[in-house]
file input-v1.tsv (TSV, C-alpha atoms)
chain	number	residue	atom	x	y	z
I	29	MET	CA	-4.98	36.36	20.22
I	30	ASP	CA	-3.02	39.17	18.67
I	31	LYS	CA	0.37	39.57	20.16
I	32	ILE	CA	0.52	43.28	19.87
I	33	VAL	CA	-1.35	45.06	22.54
I	34	THR	CA	-1.13	48.77	23.02
I	35	PRO	CA	-0.07	50.11	26.40
I	36	GLN	CA	-3.48	51.72	26.90
I	37	ASP	CA	-5.10	48.35	27.51
I	38	LYS	CA	-4.32	48.74	31.15
I	39	ASP	CA	-6.93	46.57	32.71
I	40	SER	CA	-7.30	44.03	30.00
I	41	SER	CA	-6.60	40.45	30.92
I	42	LEU	CA	-4.21	40.54	28.01
I	43	ASP	CA	-1.98	42.96	29.84
I	44	ILE	CA	0.63	40.29	29.85
I	45	LEU	CA	1.00	40.57	26.11
I	46	LYS	CA	2.58	43.97	26.26
I	47	GLU	CA	5.93	42.45	26.85
I	48	LYS	CA	5.64	40.20	23.92
I	49	LYS	CA	8.40	40.66	21.49
I	50	VAL	CA	9.03	37.61	19.45
I	51	THR	CA	12.71	37.34	19.15
I	52	LEU	CA	14.38	34.99	16.80
I	53	LEU	CA	15.94	33.32	19.79
I	54	GLU	CA	12.58	32.52	21.32
I	55	VAL	CA	11.34	31.04	18.09
I	56	LEU	CA	14.47	29.00	17.45
I	57	ASP	CA	14.65	27.73	20.98
I	58	ARG	CA	11.19	26.29	20.53
I	59	ALA	CA	10.96	25.35	16.89
I	60	LEU	CA	14.34	23.64	16.73
I	61	ASN	CA	14.34	21.98	20.12
I	62	LYS	CA	10.71	21.33	20.93
I	63	GLY	CA	7.57	20.27	19.21
I	64	VAL	CA	6.49	16.86	18.12
I	65	VAL	CA	9.46	14.89	16.98
I	66	ILE	CA	8.47	12.36	14.41
I	67	SER	CA	10.81	10.60	12.13
I	68	GLY	CA	10.28	12.33	8.88
I	69	ASP	CA	11.98	10.86	5.87
I	70	ILE	CA	14.81	13.27	6.36
I	71	VAL	CA	16.33	13.33	9.79
I	72	ILE	CA	18.65	15.98	11.07
I	73	SER	CA	20.18	15.03	14.35
I	74	LEU	CA	20.24	17.18	17.44
I	75	ALA	CA	24.00	17.46	17.28
I	76	GLU	CA	23.65	19.23	14.00
I	77	VAL	CA	21.10	21.54	15.48
I	78	ASP	CA	23.55	22.50	18.20
I	79	LEU	CA	26.06	23.28	15.52
I	80	ILE	CA	23.61	25.68	14.02
I	81	TYR	CA	23.54	27.67	17.19
I	82	VAL	CA	27.27	27.91	17.18
I	83	GLY	CA	27.15	29.00	13.58
I	84	LEU	CA	24.72	31.70	14.57
I	85	LYS	CA	26.95	32.85	17.39
I	86	LEU	CA	23.75	32.68	19.36
I	87	LEU	CA	24.71	29.77	21.41
I	88	VAL	CA	27.48	28.62	23.49
I	89	SER	CA	29.94	26.10	22.75
I	90	SER	CA	28.30	23.00	24.00
I	91	VAL	CA	25.51	21.30	25.76
I	92	GLU	CA	27.74	20.79	28.78
I	93	THR	CA	27.97	24.50	29.27
I	94	MET	CA	24.22	24.63	29.35
I	95	GLU	CA	24.03	21.82	31.83
I	96	ARG	CA	26.47	23.54	34.09
I	97	LEU	CA	24.57	26.80	33.90
I	98	ARG	CA	21.31	25.07	34.64
I	99	GLY	CA	22.39	24.17	38.11
I	100	ALA	CA	23.95	27.50	38.92
I	101	PRO	CA	21.62	30.47	38.79
I	102	MET	CA	24.21	32.98	39.89
I	103	SER	CA	27.44	32.93	37.98
I	104	GLY	CA	30.22	31.54	40.08
I	105	ALA	CA	27.96	30.99	43.03
I	106	LYS	CA	27.92	27.22	42.98
I	107	GLU	CA	31.37	26.51	41.74
I	108	GLU	CA	32.24	24.34	44.64
I	109	ALA	CA	28.97	22.45	44.69
I	110	THR	CA	28.95	18.88	43.50
F	12	MET	CA	17.43	27.17	-12.29
F	13	ARG	CA	15.72	24.17	-10.78
F	14	THR	CA	17.12	20.75	-11.25
F	15	GLU	CA	14.84	17.83	-11.88
F	16	GLN	CA	14.68	16.89	-8.23
F	17	LYS	CA	11.31	15.93	-6.88
F	18	ASP	CA	9.50	18.22	-4.46
F	19	LEU	CA	9.33	17.34	-0.79
F	20	ILE	CA	6.62	17.72	1.82
F	21	TYR	CA	7.22	20.10	4.70
F	22	LEU	CA	5.03	19.74	7.79
F	23	TYR	CA	4.07	22.60	10.10
F	24	CYS	CA	1.69	21.03	12.54
F	25	ALA	CA	-1.21	18.67	13.06
F	26	THR	CA	-4.67	20.14	13.56
F	27	LYS	CA	-7.97	18.90	14.83
F	28	THR	CA	-10.15	20.52	12.21
F	29	LYS	CA	-9.63	21.55	8.63
F	30	PRO	CA	-8.31	25.09	8.85
F	31	LEU	CA	-9.30	28.11	6.81
F	32	PHE	CA	-6.63	28.66	4.24
F	33	SER	CA	-7.65	32.11	3.10
F	34	ASN	CA	-5.07	33.99	5.14
F	35	PHE	CA	-2.00	32.29	3.83
F	36	ASP	CA	-1.78	33.76	0.37
F	37	ALA	CA	-0.85	37.07	1.93
F	38	MET	CA	2.05	35.36	3.69
F	39	GLY	CA	3.27	34.10	0.39
F	40	VAL	CA	2.96	30.49	1.40
F	41	LYS	CA	0.79	27.75	-0.04
F	42	ILE	CA	-0.34	25.23	2.52
F	43	TYR	CA	-2.66	22.26	2.23
F	44	PRO	CA	-4.01	19.55	4.51
F	45	ILE	CA	-3.16	15.86	4.43
F	46	TYR	CA	-5.97	14.03	6.17
F	47	SER	CA	-6.16	10.71	7.91
F	48	GLN	CA	-8.52	9.37	10.56
F	49	GLY	CA	-9.61	12.64	12.08
F	50	ILE	CA	-6.23	14.38	12.06
F	51	TYR	CA	-4.93	16.93	9.57
F	52	ALA	CA	-1.26	17.41	8.88
F	53	ILE	CA	-0.68	20.90	7.52
F	54	ALA	CA	1.88	20.84	4.76
F	55	SER	CA	3.66	22.81	2.07
F	56	SER	CA	5.38	21.53	-0.99
F	57	VAL	CA	9.06	22.51	-0.86
F	58	SER	CA	11.94	22.10	-3.21
F	59	ALA	CA	14.56	19.43	-2.69
F	60	ASN	CA	17.05	22.09	-3.69
F	61	GLU	CA	16.40	23.58	-0.29
F	62	PHE	CA	15.21	20.70	1.85
F	63	SER	CA	16.97	17.53	0.78
F	64	LYS	CA	19.25	16.25	3.56
F	65	ASP	CA	22.45	17.67	2.08
F	66	ASN	CA	20.96	20.99	1.13
F	67	LEU	CA	19.17	21.28	4.44
F	68	GLU	CA	22.38	20.83	6.36
F	69	LYS	CA	23.98	23.62	4.40
F	70	ASN	CA	20.97	25.87	4.72
F	71	LEU	CA	20.61	25.36	8.45
F	72	ALA	CA	24.01	26.95	8.89
F	73	ASN	CA	22.86	29.98	6.95
F	74	MET	CA	21.52	32.45	9.46
F	75	LYS	CA	19.39	34.36	7.00
F	76	TRP	CA	17.79	31.27	5.57
F	77	LEU	CA	17.16	29.79	8.99
F	78	GLU	CA	15.63	32.98	10.31
F	79	GLU	CA	13.26	33.28	7.41
F	80	LYS	CA	12.15	29.64	7.50
F	81	ALA	CA	11.87	29.31	11.25
F	82	LEU	CA	9.82	32.49	11.51
F	83	LEU	CA	7.55	31.31	8.72
F	84	HIS	CA	7.09	27.98	10.48
F	85	GLU	CA	6.05	29.85	13.60
F	86	LYS	CA	3.82	32.32	11.76
F	87	VAL	CA	1.91	29.64	9.91
F	88	ILE	CA	1.22	27.68	13.09
F	89	GLU	CA	0.16	30.82	14.96
F	90	GLU	CA	-2.28	31.66	12.20
F	91	LEU	CA	-3.75	28.15	12.32
F	92	MET	CA	-4.03	28.31	16.10
F	93	LYS	CA	-6.60	31.05	15.76
F	94	ASP	CA	-9.17	28.60	14.47
F	95	THR	CA	-8.18	25.19	15.71
F	96	THR	CA	-6.07	23.16	18.11
F	97	ALA	CA	-2.60	22.75	16.65
F	98	ILE	CA	0.26	20.45	17.57
F	99	PRO	CA	3.50	21.94	16.27
F	100	PHE	CA	6.09	19.78	14.58
F	101	LYS	CA	9.73	20.35	15.24
F	102	PHE	CA	11.41	22.42	12.58
F	103	PRO	CA	12.22	21.03	10.02
F	104	THR	CA	10.04	17.95	9.53
F	105	ILE	CA	10.27	16.73	5.95
F	106	PHE	CA	8.64	13.84	4.12
F	107	GLN	CA	9.11	12.37	0.66
F	108	SER	CA	5.49	11.50	-0.08
F	109	GLU	CA	1.95	12.08	1.07
F	110	GLU	CA	1.56	8.35	1.61
F	111	ASN	CA	4.30	8.47	4.23
F	112	VAL	CA	2.58	11.35	6.01
F	113	GLU	CA	-0.72	9.49	6.01
F	114	LYS	CA	1.02	6.44	7.37
F	115	LEU	CA	2.44	8.54	10.18
F	116	LEU	CA	-0.97	9.96	11.04
F	117	LYS	CA	-2.43	6.48	11.14
F	118	GLU	CA	0.37	4.98	13.20
F	119	HIS	CA	0.22	7.72	15.81
F	120	ASN	CA	-3.48	8.37	15.61
F	121	THR	CA	-4.25	7.72	19.26
F	122	GLU	CA	-1.32	9.82	20.44
F	123	PHE	CA	-2.35	12.73	18.27
F	124	LYS	CA	-5.95	12.51	19.41
F	125	ASN	CA	-4.97	12.35	23.05
F	126	MET	CA	-2.72	15.34	22.61
F	127	MET	CA	-5.47	17.27	20.83
F	128	ALA	CA	-7.87	16.57	23.67
F	129	GLU	CA	-5.31	17.66	26.23
F	130	LEU	CA	-4.34	20.85	24.42
F	131	GLU	CA	-7.77	22.03	23.39
F	132	GLY	CA	-8.60	25.46	24.75
F	133	LYS	CA	-5.11	25.92	26.15
F	134	GLU	CA	-2.06	27.85	25.14
F	135	GLU	CA	1.60	27.97	26.00
F	136	TRP	CA	3.23	30.94	27.66
F	137	GLY	CA	6.92	31.33	28.26
F	138	CYS	CA	8.32	32.93	31.37
F	139	LYS	CA	11.92	33.85	31.93
F	140	MET	CA	13.28	35.46	35.07
F	141	TYR	CA	16.43	37.51	35.11
F	142	CYS	CA	18.47	38.83	37.96
F	143	ASP	CA	19.53	42.45	37.89
F	144	ALA	CA	22.88	42.07	39.62
F	145	ASP	CA	23.22	45.62	41.00
F	146	ASN	CA	19.72	45.74	42.36
F	147	PHE	CA	19.90	42.27	43.79
F	148	ASP	CA	23.29	42.87	45.34
F	149	ARG	CA	22.05	46.00	47.06
F	150	HIS	CA	18.90	44.26	48.21
F	151	VAL	CA	20.90	41.44	49.78
F	152	ARG	CA	23.54	43.64	51.40
F	153	GLU	CA	21.08	46.11	52.82
F	154	GLY	CA	18.31	43.74	53.72
F	155	ASP	CA	19.94	40.80	55.40
F	156	GLU	CA	20.40	40.92	59.18
F	157	SER	CA	23.39	38.58	59.36
F	158	ILE	CA	25.24	40.68	56.80
F	159	LYS	CA	24.37	43.90	58.58
F	160	LYS	CA	25.70	42.41	61.79
F	161	ILE	CA	29.11	41.75	60.26
F	162	ASP	CA	29.17	45.31	58.94
F	163	GLU	CA	28.69	46.57	62.46
F	164	GLU	CA	31.44	44.30	63.77
F	165	VAL	CA	33.82	45.57	61.11
F	166	ILE	CA	33.43	49.14	62.35
F	167	SER	CA	34.41	48.23	65.88
F	168	SER	CA	37.28	45.94	64.88
F	169	ASN	CA	40.98	46.47	64.39
F	170	LYS	CA	42.53	46.26	60.92
F	171	GLY	CA	43.39	42.58	61.03
F	172	LYS	CA	40.07	41.46	62.32
F	173	ALA	CA	38.24	43.76	59.94
F	174	TYR	CA	40.05	42.16	57.02
F	175	PHE	CA	39.02	38.72	58.20
F	176	LEU	CA	35.45	39.83	58.77
F	177	LYS	CA	35.19	41.38	55.34
F	178	LYS	CA	36.29	38.14	53.78
F	179	LYS	CA	33.77	36.27	55.84
F	180	LYS	CA	31.15	38.74	54.82
F	181	GLU	CA	31.70	38.20	51.12
F	182	GLU	CA	31.23	34.48	51.57
F	183	LEU	CA	28.07	35.11	53.49
F	184	VAL	CA	26.79	37.46	50.81
F	185	LYS	CA	27.34	34.80	48.19
F	186	ASP	CA	25.53	32.31	50.34
F	187	VAL	CA	22.57	34.55	51.03
F	188	MET	CA	22.36	35.46	47.35
F	189	ASN	CA	22.08	31.84	46.37
F	190	LYS	CA	19.45	31.16	48.96
F	191	LYS	CA	17.40	34.20	48.03
F	192	ILE	CA	17.46	33.67	44.31
F	193	SER	CA	16.35	30.08	44.80
F	194	GLU	CA	13.64	31.17	47.18
F	195	TYR	CA	12.36	33.91	44.85
F	196	THR	CA	12.34	31.81	41.72
F	197	LYS	CA	10.69	28.92	43.51
F	198	ASP	CA	8.02	31.16	44.98
F	199	SER	CA	7.37	32.70	41.56
F	200	PHE	CA	7.27	29.35	39.83
F	201	ASP	CA	4.90	27.86	42.40
F	202	ARG	CA	2.49	30.75	42.09
F	203	LEU	CA	2.52	30.73	38.30
F	204	ALA	CA	2.15	26.94	38.31
F	205	LYS	CA	-1.02	27.23	40.37
F	206	ALA	CA	-2.60	29.27	37.59
F	207	SER	CA	-1.47	26.77	34.95
F	208	VAL	CA	-2.49	23.34	33.76
F	209	LYS	CA	1.03	22.09	33.19
F	210	THR	CA	4.53	23.42	33.53
F	211	LYS	CA	7.90	22.74	32.05
F	212	ILE	CA	11.25	23.93	33.34
F	213	ASN	CA	13.82	24.49	30.65
F	214	ARG	CA	17.56	25.00	30.65
F	215	LEU	CA	18.88	28.44	31.44
F	216	LEU	CA	20.33	30.33	28.55
F	217	PRO	CA	23.66	32.08	28.98
F	218	LYS	CA	24.22	35.76	28.26
F	219	GLU	CA	25.89	34.98	24.95
F	220	VAL	CA	22.53	33.70	23.84
F	221	THR	CA	20.17	36.14	25.49
F	222	GLN	CA	22.43	39.13	24.86
F	223	LYS	CA	21.21	40.70	28.03
F	224	LYS	CA	23.25	42.13	30.82
F	225	GLU	CA	21.24	40.27	33.44
F	226	ASN	CA	21.71	36.60	34.27
F	227	MET	CA	18.84	34.30	33.49
F	228	VAL	CA	17.75	32.57	36.68
F	229	PHE	CA	14.61	30.80	35.52
F	230	ASN	CA	13.33	29.60	32.17
F	231	GLY	CA	10.02	27.83	31.98
F	232	ALA	CA	6.89	27.25	29.97
F	233	PHE	CA	3.34	27.19	31.24
F	234	LEU	CA	0.32	25.59	29.67
F	235	ILE	CA	-2.61	27.81	30.49
F	236	ASN	CA	-6.31	27.30	30.07
F	237	LYS	CA	-7.36	30.31	27.98
F	238	LYS	CA	-10.11	31.02	30.49
F	239	TRP	CA	-7.51	31.42	33.21
F	240	LEU	CA	-5.24	33.75	31.35
F	241	GLY	CA	-6.48	36.66	33.43
F	242	GLU	CA	-5.59	34.82	36.60
F	243	PHE	CA	-2.12	33.99	35.30
F	244	ASN	CA	-1.66	37.64	34.42
F	245	ASN	CA	-2.74	38.71	37.91
F	246	VAL	CA	-0.19	36.40	39.47
F	247	LEU	CA	2.46	37.82	37.21
F	248	ASP	CA	1.56	41.38	38.15
F	249	TYR	CA	1.70	40.43	41.80
F	250	LEU	CA	5.13	38.88	41.40
F	251	LYS	CA	6.50	41.84	39.49
F	252	THR	CA	5.43	44.16	42.25
F	253	LYS	CA	6.65	41.86	44.96
F	254	TYR	CA	10.11	41.49	43.50
F	255	ALA	CA	10.54	44.86	41.82
F	256	ASP	CA	13.03	46.17	44.39
F	257	LYS	CA	14.71	42.81	44.86
F	258	GLY	CA	16.31	42.64	41.46
F	259	LEU	CA	14.11	39.96	39.90
F	260	ILE	CA	12.86	40.74	36.40
F	261	PHE	CA	10.06	38.83	34.68
F	262	GLU	CA	9.63	38.36	30.97
F	263	CYS	CA	6.60	36.50	29.75
F	264	THR	CA	5.83	35.79	26.12
F	265	GLY	CA	2.95	34.15	24.33
F	266	PRO	CA	0.70	32.71	23.29
F	267	TRP	CA	2.96	30.13	21.67
F	268	PRO	CA	2.08	26.94	19.92
F	269	PRO	CA	2.35	24.29	22.65
F	270	TYR	CA	5.90	23.28	21.69
F	271	ASN	CA	6.77	22.39	25.26
F	272	PHE	CA	3.71	20.28	25.90
F	273	CYS	CA	3.43	17.96	22.96
F	274	SER	CA	6.33	15.60	23.31
F	275	ALA	CA	5.13	13.07	25.81
F	276	ALA	CA	8.25	10.96	25.82
F	277	LYS	CA	10.98	13.46	26.52
F	278	ASP	CA	11.40	14.91	29.92
F	279	ILE	CA	14.04	17.60	30.24
F	280	ASN	CA	12.95	18.62	33.70
F	281	GLY	CA	15.24	18.60	36.66

call {"tool": "encode", "arguments": {"input": "input-v1.tsv", "output": "structure tokens"}}
result
Amino acid sequence: MDKIVTPQDKDSSLDILKEKKVTLLEVLDRALNKGVVISGDIVISLAEVDLIYVGLKLLVSSVETMERLRGAPMSGAKEEAT
Amino acid sequence: MRTEQKDLIYLYCATKTKPLFSNFDAMGVKIYPIYSQGIYAIASSVSANEFSKDNLEKNLANMKWLEEKALLHEKVIEELMKDTTAIPFKFPTIFQSEENVEKLLKEHNTEFKNMMAELEGKEEWGCKMYCDADNFDRHVREGDESIKKIDEEVISSNKGKAYFLKKKKEELVKDVMNKKISEYTKDSFDRLAKASVKTKINRLLPKEVTQKKENMVFNGAFLINKKWLGEFNNVLDYLKTKYADKGLIFECTGPWPPYNFCSAAKDING
């Protein structure tokens, strides 16, 4: 299950792993937004999590931006769509 | 410099079996299990100076702190995944007392057990698709018959008509691009989904986030039976070859803890 696989492993079924580069973004996108949400004794709301992203300059301004981008794969391409 | 504040309990994940704890000293982290009715919550004792609500809010805005803690969260779960089925908790999940954690495990016992059964022998893989604009643009302009036809008309037209046709052509290009990118991502998703147990489509991330020059056109997670990983990989290879000259780029990462497949209630699809 190691994530680092050398390029020589050409025919291994783990070929896929070669691309693996755990970026902070990948980890944050999962760990902060996904996973089992249970009410711990200390609750940090999602809004605050979004603020973190802004603080990191990793993320856009707002959730709305994300929502807009979701529906429009190519930038500008679906501007006139409903 | 510690104040007299009481320590808190930080949870990483729930596991099916009691894990081996030997590997964690090297990571510089002390973890221990809290057990109740067949489920283990894997915990660390953390300082309220860092993880009380007020301090946590401050720390979450600190990039360095967040990076270190989030990566540790991930690393610990990945290590545990080597030996057992793990259900990751959202970062950060904090409790005041072990009794409260036990209560949680009892209250949600059936849910945890069902999740364990569902996730056993499976792992999460992430797949993002990006569109290389130059390559894609060329592919569309050179490969589409209706666009080629306008090009030919332009040559045999006078200035005025050519201007009009060129405008029309750009609209058509935009149209064809949209259709193609939808077609390609759907085809890719369908094929990858066939080699998976479950799928999850996530929001697209903008360039400010990905810091890539290409636009993200698909972002999804796939729950794969470990036995089928080879098959999933074959599909991916096929897709990469198929779309190599069409401007579609694939980036798959994993195995991840099944973050995307353990919250039954929320559905972000669509």

call {"tool": "residues_around", "arguments": {"input": "input-v1.tsv", "residues": "Cys142 in chain F", "least_positions_apart": "5", "cutoff": "9 Å", "atoms": "all atoms listed in the file", "output": "list in words"}}
result
Pro101 and Met102 of chain I; Phe147, Ile192, Glu225, Asn226, Met227, Val228, Lys257, Gly258, Leu259 and Ile260 of chain F

call {"tool": "atom_distance", "arguments": {"input": "input-v1.tsv", "atom1": "CA of Leu130 in chain F", "atom2": "CA of Phe261 in chain F"}}
result
25.2 Å

call {"tool": "axis_aligned_box", "arguments": {"input": "input-v1.tsv", "around": "range 160-171 of chain F", "padding_each_side": "6 Å", "output": "lines of an AutoDock Vina configuration file"}}
result
center_x = 34.5
center_y = 45.4
center_z = 62.4
size_x = 29.7
size_y = 19.4
size_z = 18.9

call {"tool": "interface_residues", "arguments": {"input": "input-v1.tsv", "of": "chain F", "to": "chain I", "cutoff": "7 Å", "atoms": "all atoms listed in the file", "output": "ChimeraX atom specification"}}
result
/F:64,71-72,74,78,81-82,99-102,104-107,185,189,214-216,219-220,228,240-241,244,262-265,270-271,273-274

call {"tool": "residues_near_point", "arguments": {"input": "input-v1.tsv", "point": "(9.8, 28.8, 26.5)", "cutoff": "6 Å", "atoms": "all atoms listed in the file", "output": "PDB file with C-alpha atoms, in the frame of the given file"}}
result
ATOM      1  CA  GLY F 137       6.920  31.330  28.260  1.00  0.00           C
ATOM      2  CA  GLY F 231      10.020  27.830  31.980  1.00  0.00           C
ATOM      3  CA  ALA F 232       6.890  27.250  29.970  1.00  0.00           C
TER       4      ALA F 232
END

call {"tool": "atom_distance", "arguments": {"input": "input-v1.tsv", "atom1": "CA of Glu68 in chain F", "atom2": "CA of Ala37 in chain F"}}
result
28.7 Å

call {"tool": "atom_distance", "arguments": {"input": "input-v1.tsv", "atom1": "CA of Asp186 in chain F", "atom2": "CA of Lys218 in chain F"}}
result
22.4 Å

call {"tool": "closest_residue", "arguments": {"input": "input-v1.tsv", "among": "F:Glu122, F:Glu134, F:Glu109, F:Glu153", "to": "Met92 in chain F", "atoms": "all atoms listed in the file"}}
result
F:Glu134

call {"tool": "residues_around", "arguments": {"input": "input-v1.tsv", "residues": "Lys17 in chain F", "least_positions_apart": "5", "cutoff": "12 Å", "atoms": "all atoms listed in the file", "output": "PyMOL selection string"}}
result
chain F and resi 56-63+106-108

call {"tool": "residues_near_point", "arguments": {"input": "input-v1.tsv", "point": "(15.0, 48.5, 40.8)", "cutoff": "6 Å", "atoms": "all atoms listed in the file", "output": "list in words"}}
result
Asn146, Ala255 and Asp256 of chain F

call {"tool": "build_atoms", "arguments": {"input": "input-v1.tsv", "residues": "range 143-167 of chain F", "atoms": "N, CA and C atoms", "output": "PDB file, keeping the file's coordinate frame"}}
result
ATOM      1  N   ASP F 143      18.802  41.200  38.040  1.00  0.00           N
ATOM      2  CA  ASP F 143      19.530  42.450  37.890  1.00  0.00           C
ATOM      3  C   ASP F 143      20.576  42.499  39.007  1.00  0.00           C
ATOM      4  N   ALA F 144      21.817  42.275  38.635  1.00  0.00           N
ATOM      5  CA  ALA F 144      22.880  42.070  39.620  1.00  0.00           C
ATOM      6  C   ALA F 144      23.019  43.227  40.614  1.00  0.00           C
ATOM      7  N   ASP F 145      23.012  44.454  40.115  1.00  0.00           N
ATOM      8  CA  ASP F 145      23.220  45.620  41.000  1.00  0.00           C
ATOM      9  C   ASP F 145      22.100  45.731  42.035  1.00  0.00           C
ATOM     10  N   ASN F 146      20.889  45.624  41.515  1.00  0.00           N
ATOM     11  CA  ASN F 146      19.720  45.740  42.360  1.00  0.00           C
ATOM     12  C   ASN F 146      19.653  44.620  43.397  1.00  0.00           C
ATOM     13  N   PHE F 147      19.954  43.442  42.932  1.00  0.00           N
ATOM     14  CA  PHE F 147      19.900  42.270  43.790  1.00  0.00           C
ATOM     15  C   PHE F 147      20.997  42.341  44.851  1.00  0.00           C
ATOM     16  N   ASP F 148      22.158  42.721  44.432  1.00  0.00           N
ATOM     17  CA  ASP F 148      23.290  42.870  45.340  1.00  0.00           C
ATOM     18  C   ASP F 148      22.959  43.864  46.462  1.00  0.00           C
ATOM     19  N   ARG F 149      22.414  44.976  46.073  1.00  0.00           N
ATOM     20  CA  ARG F 149      22.050  46.000  47.060  1.00  0.00           C
ATOM     21  C   ARG F 149      20.967  45.467  48.004  1.00  0.00           C
ATOM     22  N   HIS F 150      19.991  44.826  47.416  1.00  0.00           N
ATOM     23  CA  HIS F 150      18.900  44.260  48.210  1.00  0.00           C
ATOM     24  C   HIS F 150      19.423  43.281  49.251  1.00  0.00           C
ATOM     25  N   VAL F 151      20.368  42.439  48.851  1.00  0.00           N
ATOM     26  CA  VAL F 151      20.900  41.440  49.780  1.00  0.00           C
ATOM     27  C   VAL F 151      21.745  42.102  50.866  1.00  0.00           C
ATOM     28  N   ARG F 152      22.634  43.019  50.442  1.00  0.00           N
ATOM     29  CA  ARG F 152      23.540  43.640  51.400  1.00  0.00           C
ATOM     30  C   ARG F 152      22.811  44.528  52.409  1.00  0.00           C
ATOM     31  N   GLU F 153      21.770  45.180  51.924  1.00  0.00           N
ATOM     32  CA  GLU F 153      21.080  46.110  52.820  1.00  0.00           C
ATOM     33  C   GLU F 153      19.964  45.447  53.616  1.00  0.00           C
ATOM     34  N   GLY F 154      19.508  44.313  53.107  1.00  0.00           N
ATOM     35  CA  GLY F 154      18.310  43.740  53.720  1.00  0.00           C
ATOM     36  C   GLY F 154      18.558  42.569  54.655  1.00  0.00           C
ATOM     37  N   ASP F 155      19.738  42.013  54.632  1.00  0.00           N
ATOM     38  CA  ASP F 155      19.940  40.800  55.400  1.00  0.00           C
ATOM     39  C   ASP F 155      20.590  41.103  56.755  1.00  0.00           C
ATOM     40  N   GLU F 156      19.953  40.604  57.812  1.00  0.00           N
ATOM     41  CA  GLU F 156      20.400  40.920  59.180  1.00  0.00           C
ATOM     42  C   GLU F 156      21.806  40.394  59.469  1.00  0.00           C
ATOM     43  N   SER F 157      22.082  39.168  59.050  1.00  0.00           N
ATOM     44  CA  SER F 157      23.390  38.580  59.360  1.00  0.00           C
ATOM     45  C   SER F 157      24.513  39.351  58.677  1.00  0.00           C
ATOM     46  N   ILE F 158      24.233  39.885  57.511  1.00  0.00           N
ATOM     47  CA  ILE F 158      25.240  40.680  56.800  1.00  0.00           C
ATOM     48  C   ILE F 158      25.419  42.032  57.486  1.00  0.00           C
ATOM     49  N   LYS F 159      24.311  42.614  57.878  1.00  0.00           N
ATOM     50  CA  LYS F 159      24.370  43.900  58.580  1.00  0.00           C
ATOM     51  C   LYS F 159      25.196  43.780  59.862  1.00  0.00           C
ATOM     52  N   LYS F 160      25.006  42.637  60.525  1.00  0.00           N
ATOM     53  CA  LYS F 160      25.700  42.410  61.790  1.00  0.00           C
ATOM     54  C   LYS F 160      27.219  42.418  61.597  1.00  0.00           C
ATOM     55  N   ILE F 161      27.668  41.762  60.549  1.00  0.00           N
ATOM     56  CA  ILE F 161      29.110  41.750  60.260  1.00  0.00           C
ATOM     57  C   ILE F 161      29.602  43.167  59.980  1.00  0.00           C
ATOM     58  N   ASP F 162      28.816  43.917  59.233  1.00  0.00           N
ATOM     59  CA  ASP F 162      29.170  45.310  58.940  1.00  0.00           C
ATOM     60  C   ASP F 162      29.433  46.090  60.220  1.00  0.00           C
ATOM     61  N   GLU F 163      28.544  45.868  61.180  1.00  0.00           N
ATOM     62  CA  GLU F 163      28.690  46.570  62.460  1.00  0.00           C
ATOM     63  C   GLU F 163      29.960  46.138  63.182  1.00  0.00           C
ATOM     64  N   GLU F 164      30.230  44.827  63.131  1.00  0.00           N
ATOM     65  CA  GLU F 164      31.440  44.300  63.770  1.00  0.00           C
ATOM     66  C   GLU F 164      32.693  44.888  63.142  1.00  0.00           C
ATOM     67  N   VAL F 165      32.649  45.053  61.836  1.00  0.00           N
ATOM     68  CA  VAL F 165      33.820  45.570  61.110  1.00  0.00           C
ATOM     69  C   VAL F 165      34.196  46.953  61.656  1.00  0.00           C
ATOM     70  N   ILE F 166      33.191  47.767  61.878  1.00  0.00           N
ATOM     71  CA  ILE F 166      33.430  49.140  62.350  1.00  0.00           C
ATOM     72  C   ILE F 166      34.181  49.146  63.675  1.00  0.00           C
ATOM     73  N   SER F 167      33.791  48.236  64.557  1.00  0.00           N
ATOM     74  CA  SER F 167      34.410  48.230  65.880  1.00  0.00           C
ATOM     75  C   SER F 167      35.614  47.281  65.976  1.00  0.00           C
TER      76      SER F 167
END
